[in-house]
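So this block is structure_17.csv, CSV, C-alpha atoms:
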```csv
chain,number,residue,atom,x,y,z
A,23,PHE,CA,-22.4,12.5,11.6
A,24,LEU,CA,-23.4,12.3,7.9
A,25,ASP,CA,-21.1,13.4,5.0
A,26,SER,CA,-23.0,15.2,2.2
A,27,ASP,CA,-22.5,12.3,-0.3
A,28,ASP,CA,-23.5,9.5,2.1
A,29,LEU,CA,-27.0,8.2,3.0
A,30,TYR,CA,-28.9,6.7,6.0
A,31,GLU,CA,-31.1,3.7,5.4
A,32,VAL,CA,-34.8,4.5,6.2
A,33,ASN,CA,-34.7,2.8,9.7
A,34,PHE,CA,-31.3,4.2,10.8
A,35,VAL,CA,-32.7,6.8,13.2
A,36,GLU,CA,-35.3,4.5,14.7
A,37,LYS,CA,-33.0,1.6,15.4
A,38,MET,CA,-30.0,3.6,16.6
A,39,LEU,CA,-32.0,5.8,19.0
A,40,TYR,CA,-33.9,2.7,20.3
A,41,LYS,CA,-30.5,1.1,21.1
A,42,ILE,CA,-28.9,4.1,22.7
A,43,ARG,CA,-31.9,4.8,24.9
A,44,LYS,CA,-32.6,1.2,25.9
A,45,ASN,CA,-29.0,0.7,27.2
A,46,ASP,CA,-28.4,4.3,28.3
A,47,ASP,CA,-25.2,4.2,26.1
A,48,ASP,CA,-22.9,7.0,25.2
A,49,ILE,CA,-22.1,5.6,21.8
A,50,VAL,CA,-23.9,3.3,19.3
A,51,ALA,CA,-22.4,2.1,16.0
A,52,CYS,CA,-23.8,0.1,13.1
A,53,GLY,CA,-22.5,-1.3,9.8
A,54,ALA,CA,-22.2,0.4,6.4
A,55,TYR,CA,-22.8,-0.4,2.8
A,56,LEU,CA,-20.2,0.6,0.2
A,57,LYS,CA,-21.8,1.9,-3.0
A,58,GLU,CA,-19.9,1.9,-6.3
A,59,ASN,CA,-21.3,1.7,-9.8
A,60,ASN,CA,-24.8,1.8,-8.4
A,61,LYS,CA,-24.1,-1.5,-6.4
A,62,LYS,CA,-24.2,-1.7,-2.7
A,63,ILE,CA,-22.0,-4.2,-0.8
A,64,GLU,CA,-21.7,-4.8,2.9
A,65,TYR,CA,-18.5,-3.2,4.4
A,66,LYS,CA,-17.1,-6.3,6.1
A,67,ASN,CA,-17.8,-6.1,9.8
A,68,LYS,CA,-17.7,-8.8,12.5
A,69,PHE,CA,-19.7,-6.8,15.0
A,70,ILE,CA,-17.6,-8.0,18.0
A,71,GLU,CA,-19.2,-6.6,21.2
A,72,ARG,CA,-16.3,-7.4,23.5
A,73,ASN,CA,-13.3,-5.0,23.3
A,74,ILE,CA,-15.1,-2.9,20.7
A,75,LEU,CA,-12.4,-0.3,20.4
A,76,TYR,CA,-9.6,-2.9,20.2
A,77,ASN,CA,-11.4,-4.7,17.4
A,78,PHE,CA,-12.0,-1.4,15.7
A,79,ILE,CA,-8.3,-0.6,15.7
A,80,ILE,CA,-7.3,-3.9,14.2
A,81,GLY,CA,-10.1,-3.9,11.6
A,82,ARG,CA,-12.4,-6.6,12.8
A,83,ASN,CA,-15.1,-4.1,13.6
A,84,ASN,CA,-15.4,-1.7,10.6
A,85,PHE,CA,-17.2,1.6,11.2
A,86,HIS,CA,-17.5,4.7,9.1
A,87,THR,CA,-18.1,8.3,10.1
A,88,SER,CA,-21.8,8.0,9.3
A,89,THR,CA,-22.3,4.8,11.4
A,90,PHE,CA,-22.0,6.4,14.8
A,91,ILE,CA,-24.4,8.2,17.0
A,92,ILE,CA,-23.0,9.8,20.2
A,93,LYS,CA,-24.6,11.6,23.1
A,94,ARG,CA,-23.9,15.3,22.9
A,95,GLU,CA,-23.3,15.7,26.6
A,96,PHE,CA,-20.8,12.9,26.5
A,97,ILE,CA,-18.8,14.7,23.8
A,98,ILE,CA,-18.9,18.0,25.8
A,99,ASP,CA,-18.2,16.5,29.2
A,100,ASN,CA,-15.2,14.6,27.9
A,101,ASN,CA,-13.7,17.4,25.7
A,102,ILE,CA,-13.9,15.2,22.6
A,103,TYR,CA,-13.4,17.4,19.5
A,104,PHE,CA,-11.8,17.0,16.1
A,105,TYR,CA,-8.2,18.1,16.2
A,106,ASN,CA,-7.5,21.5,14.8
A,107,GLY,CA,-5.2,21.6,11.8
A,108,LEU,CA,-5.4,17.9,11.1
A,109,SER,CA,-6.4,17.2,7.5
A,110,TRP,CA,-5.9,13.5,7.4
A,111,GLY,CA,-7.3,10.8,9.7
A,112,GLU,CA,-9.3,13.3,11.8
A,113,ASP,CA,-12.4,11.2,11.8
A,114,LEU,CA,-10.6,8.1,12.8
A,115,ALA,CA,-8.8,10.0,15.6
A,116,PHE,CA,-12.1,11.5,16.8
A,117,PHE,CA,-14.0,8.2,17.1
A,118,MET,CA,-11.1,6.3,18.7
A,119,LYS,CA,-10.9,9.2,21.3
A,120,ALA,CA,-14.6,8.9,22.0
A,121,MET,CA,-14.6,5.1,22.4
A,122,SER,CA,-11.6,5.3,24.7
A,123,ASN,CA,-13.6,7.4,27.1
A,124,THR,CA,-16.4,5.0,27.8
A,125,LYS,CA,-17.5,1.4,28.3
A,126,LYS,CA,-21.1,2.3,27.4
A,127,ILE,CA,-21.0,1.3,23.8
A,128,SER,CA,-23.4,-0.9,21.9
A,129,LEU,CA,-23.7,-2.1,18.3
A,130,VAL,CA,-26.6,-2.4,16.0
A,131,LYS,CA,-25.6,-5.4,14.0
A,132,GLU,CA,-27.1,-4.2,10.7
A,133,PHE,CA,-25.9,-2.2,7.7
A,134,MET,CA,-27.8,1.0,7.9
A,135,THR,CA,-25.7,3.7,6.2
A,136,VAL,CA,-24.4,4.0,2.6
A,137,TYR,CA,-20.9,5.2,1.9
A,138,ASN,CA,-20.6,6.5,-1.6
A,139,ILE,CA,-17.1,5.4,-2.9
A,140,GLU,CA,-17.6,7.2,-6.2
A,141,SER,CA,-18.2,10.6,-4.6
A,142,ASP,CA,-15.4,10.0,-2.2
A,143,SER,CA,-12.9,9.2,-4.9
A,144,LYS,CA,-13.7,12.5,-6.6
A,145,SER,CA,-13.5,14.6,-3.5
A,146,LEU,CA,-10.3,13.3,-2.0
A,147,SER,CA,-6.9,14.2,-3.3
A,148,ASN,CA,-5.0,11.7,-5.4
A,149,PHE,CA,-2.7,9.1,-3.9
A,150,GLU,CA,0.5,10.6,-2.4
A,151,ILE,CA,3.4,8.9,-0.8
A,152,GLU,CA,3.7,12.0,1.5
A,153,LYS,CA,0.5,10.8,3.3
A,154,VAL,CA,2.8,8.5,5.3
A,155,ASP,CA,3.8,11.7,7.1
A,156,LYS,CA,0.1,12.6,7.6
A,157,ASP,CA,-0.5,9.1,9.0
A,158,PHE,CA,2.3,9.7,11.5
A,159,GLU,CA,0.9,13.2,12.3
A,160,PHE,CA,-2.6,11.9,13.2
A,161,SER,CA,-1.2,8.9,15.1
A,162,SER,CA,1.0,11.2,17.2
A,163,LYS,CA,-1.9,13.4,18.0
A,164,VAL,CA,-3.9,10.5,19.3
A,165,LEU,CA,-1.0,8.9,21.3
A,166,ASN,CA,0.0,12.2,22.9
A,167,ASP,CA,-3.5,13.3,23.8
A,168,LYS,CA,-4.1,12.8,27.6
A,169,ASN,CA,-7.8,12.6,26.9
A,170,VAL,CA,-7.3,9.4,24.9
A,171,HIS,CA,-7.4,6.5,27.4
A,172,PHE,CA,-6.1,3.4,25.5
A,173,SER,CA,-5.5,0.2,27.4
A,174,ASN,CA,-2.0,-1.2,26.9
A,175,LYS,CA,-3.4,-3.7,24.5
A,176,GLU,CA,-5.2,-1.0,22.5
A,177,ARG,CA,-2.1,1.2,22.4
A,178,ASN,CA,0.2,-1.6,21.2
A,179,ALA,CA,-2.3,-2.5,18.5
A,180,PHE,CA,-2.5,1.1,17.4
A,181,ILE,CA,1.3,1.6,17.2
A,182,ASN,CA,2.5,-1.8,16.1
A,183,PHE,CA,-0.3,-3.0,14.0
A,184,LYS,CA,-2.6,-0.1,12.8
A,185,PHE,CA,0.1,2.5,12.2
A,186,ALA,CA,2.7,0.0,10.9
A,187,GLY,CA,0.1,-1.4,8.5
A,188,LEU,CA,-0.7,2.1,7.2
A,189,ILE,CA,3.0,2.6,6.4
A,190,ILE,CA,3.6,-0.8,4.8
A,191,TYR,CA,0.6,-0.8,2.6
A,192,ARG,CA,1.1,2.8,1.5
A,193,LEU,CA,4.7,2.1,0.5
A,194,ILE,CA,3.8,-1.0,-1.4
A,195,GLU,CA,1.2,0.9,-3.3
A,196,SER,CA,3.7,3.7,-4.0
A,197,ILE,CA,6.0,1.1,-5.7
A,198,ASP,CA,3.1,-0.2,-7.6
A,199,ARG,CA,2.2,3.3,-8.8
A,200,GLY,CA,5.8,3.8,-10.1
A,201,TYR,CA,7.2,6.1,-7.4
A,202,ASP,CA,11.0,6.5,-7.5
A,203,ILE,CA,12.4,3.6,-5.4
A,204,ASN,CA,14.9,5.8,-3.7
A,205,LEU,CA,12.0,8.0,-2.4
A,206,VAL,CA,10.2,4.9,-1.1
A,207,LYS,CA,13.4,3.8,0.6
A,208,LYS,CA,13.7,7.2,2.2
A,209,TYR,CA,10.2,6.8,3.8
A,210,TYR,CA,11.0,3.2,4.7
A,211,ASN,CA,14.1,4.3,6.6
A,212,LYS,CA,12.3,7.2,8.2
A,213,TYR,CA,9.7,4.9,9.8
A,214,LYS,CA,11.7,1.7,9.9
A,215,LYS,CA,11.5,1.2,13.7
A,216,TYR,CA,7.7,1.0,13.4
A,217,ILE,CA,7.8,-1.4,10.5
A,218,GLU,CA,10.3,-3.7,12.3
A,219,ASN,CA,8.2,-3.8,15.5
A,220,ILE,CA,4.9,-5.0,14.0
A,221,SER,CA,2.7,-6.8,16.4
A,222,MET,CA,2.1,-10.5,15.9
A,223,LYS,CA,-0.8,-10.7,18.4
A,224,GLN,CA,-3.7,-10.3,15.9
A,225,GLY,CA,-3.7,-13.8,14.4
A,226,LEU,CA,-4.2,-14.0,10.7
A,227,ARG,CA,-4.2,-10.3,10.3
A,228,SER,CA,-0.7,-10.1,11.8
A,229,LEU,CA,0.4,-12.9,9.5
A,230,LYS,CA,-0.9,-11.0,6.5
A,231,LEU,CA,0.8,-7.8,7.6
A,232,PHE,CA,4.1,-9.7,8.2
A,233,VAL,CA,3.9,-11.2,4.7
A,234,ASN,CA,3.4,-7.8,3.2
A,235,LYS,CA,6.3,-6.4,5.3
A,236,GLN,CA,8.5,-9.1,3.7
A,237,LYS,CA,7.2,-8.2,0.3
A,238,LEU,CA,8.0,-4.5,0.8
A,239,GLU,CA,11.5,-5.4,1.9
A,240,ARG,CA,12.1,-7.6,-1.1
A,241,LEU,CA,10.8,-4.8,-3.4
A,242,LEU,CA,13.3,-2.4,-1.9
A,243,LYS,CA,16.3,-4.5,-2.4
```

Using structure tokens, write down the structure that the file contains.
Amino acid sequence: FLDSDDLYEVNFVEKMLYKIRKNDDDIVACGAYLKENNKKIEYKNKFIERNILYNFIIGRNNFHTSTFIIKREFIIDNNIYFYNGLSWGEDLAFFMKAMSNTKKISLVKEFMTVYNIESDSKSLSNFEIEKVDKDFEFSSKVLNDKNVHFSNKERNAFINFKFAGLIIYRLIESIDRGYDINLVKKYYNKYKKYIENISMKQGLRSLKLFVNKQKLERLLK
């Protein structure tokens, strides 16, 4: 999977194919560089090999669309496709669905693709508070898909950490960008039950999210 404005490092194909063939994996993932102003920096990634999907959901393992290779027959046999009509979060949903269907996943602990932030910022639409609804739409697609096989731990992390975080950080940014406070309150109240039920099982990440939840609530008073 390679977006038109992203790049592979010269040894990407060699190392990724070697890994997937050596272990007879269904999926292999690596790390990515972020490129902005002609500078490449490593997209922070802990490359945790246990509970890869869980650590992807909570952000310890950071992968990008271009950092995966997946066996074609695995995709077909497990009916893993991008959701029709989904214009936001479709790549995240696809790869979580894929990872939930196999334990045969390996990591190449190197940064071997380049994600062009400058091109991405030009191609994507501007920030919109309404994308909170799109976050909910793609999350609902994933959670209601019978072909997504989350463990209880993964499901809880997705609902009460990943999704809750998307809402909290987007609403804080909306305030920072000068959106009408009553509109932000409307979205807060719409998704309040998810915000209030944030998971505290992800260590410092949960603490950071809790602090930002409190910040949002103060800003809305």

Neighbours of point (7.9, 2.3, 8.8) within 9 Å, using only C-alpha atoms, written as a ChimeraX atom specification: /A:154,185-190,193,209-218

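Separating CA of Ile194 (chain A) from CA of Val136 (chain A) is a distance of 28.9 Å.
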
Top pick for closest residue to Lys44 (chain A), considering A:Asn138, A:Thr89, A:Asn84, A:Ser128 and counting all atoms listed in the file: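 For Lys44 (chain A), the nearest of the given residues is A:Ser128.
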
Shortest contact to Ser122 (chain A), candidates A:Asp46, A:Glu239, A:Glu176, A:Glu195, atoms counted all atoms listed in the file, goes to A:Glu176

Separation of CA of Asn178 (chain A) from CA of Leu205 (chain A), in Å and rounded to one decimal: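 It comes out at 28.1 Å.
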
Residue among A:Phe96, A:Phe232, A:Tyr55, A:Phe133 lying closest to Ala120 (chain A), counting all atoms listed in the file: A:Phe96

Near His171 (chain A), counting all atoms listed in the file, which residues have an atom at most 12 Å away, once you skip same-chain residues fewer than 4 positions from it, shown as a PyMOL selection string? chain A and resi 75+100+102+118-125+164-167+175-177

Go ahead and dump the residues you just picked, C-alpha atoms, as a CSV table (one decimal), in the frame of the given file.
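Saved the output as out.csv:
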```csv
chain,number,residue,atom,x,y,z
A,75,LEU,CA,-12.4,-0.3,20.4
A,100,ASN,CA,-15.2,14.6,27.9
A,102,ILE,CA,-13.9,15.2,22.6
A,118,MET,CA,-11.1,6.3,18.7
A,119,LYS,CA,-10.9,9.2,21.3
A,120,ALA,CA,-14.6,8.9,22.0
A,121,MET,CA,-14.6,5.1,22.4
A,122,SER,CA,-11.6,5.3,24.7
A,123,ASN,CA,-13.6,7.4,27.1
A,124,THR,CA,-16.4,5.0,27.8
A,125,LYS,CA,-17.5,1.4,28.3
A,164,VAL,CA,-3.9,10.5,19.3
A,165,LEU,CA,-1.0,8.9,21.3
A,166,ASN,CA,0.0,12.2,22.9
A,167,ASP,CA,-3.5,13.3,23.8
A,175,LYS,CA,-3.4,-3.7,24.5
A,176,GLU,CA,-5.2,-1.0,22.5
A,177,ARG,CA,-2.1,1.2,22.4
```

Write out as a PyMOL selection string the residues lying within 10 Å of region 35-37 of chain A, counting only C-alpha atoms and excluding same-chain residues fewer than 2 positions away. chain A and resi 30-33+39-42+52+91+130+132+134

Write a file of the selected residues as a compact mmCIF listing (two decimals), in the coordinates of the input, keeping C-alpha atoms.
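Final file, result-v8.txt:
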```
# COMPACT_ATOMS: atom_id res chain seq x y z
CA TYR A 30 -28.90 6.70 6.00
CA GLU A 31 -31.10 3.70 5.40
CA VAL A 32 -34.80 4.50 6.20
CA ASN A 33 -34.70 2.80 9.70
CA LEU A 39 -32.00 5.80 19.00
CA TYR A 40 -33.90 2.70 20.30
CA LYS A 41 -30.50 1.10 21.10
CA ILE A 42 -28.90 4.10 22.70
CA CYS A 52 -23.80 0.10 13.10
CA ILE A 91 -24.40 8.20 17.00
CA VAL A 130 -26.60 -2.40 16.00
CA GLU A 132 -27.10 -4.20 10.70
CA MET A 134 -27.80 1.00 7.90
```

Taking only C-alpha atoms into account, name the residue in A:Ile70, A:Ile79, A:Leu56, A:Ile63 that is nearest to Ala115 (chain A).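 Using only C-alpha atoms, Ala115 (chain A) sits closest to A:Ile79.
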
Quick one: everything within 10 Å of Lys243 (chain A), counting all atoms listed in the file, minus sequence neighbours fewer than 2 positions away in the same chain. Send it as number ranges by chain. A: 203, 207, 238-241
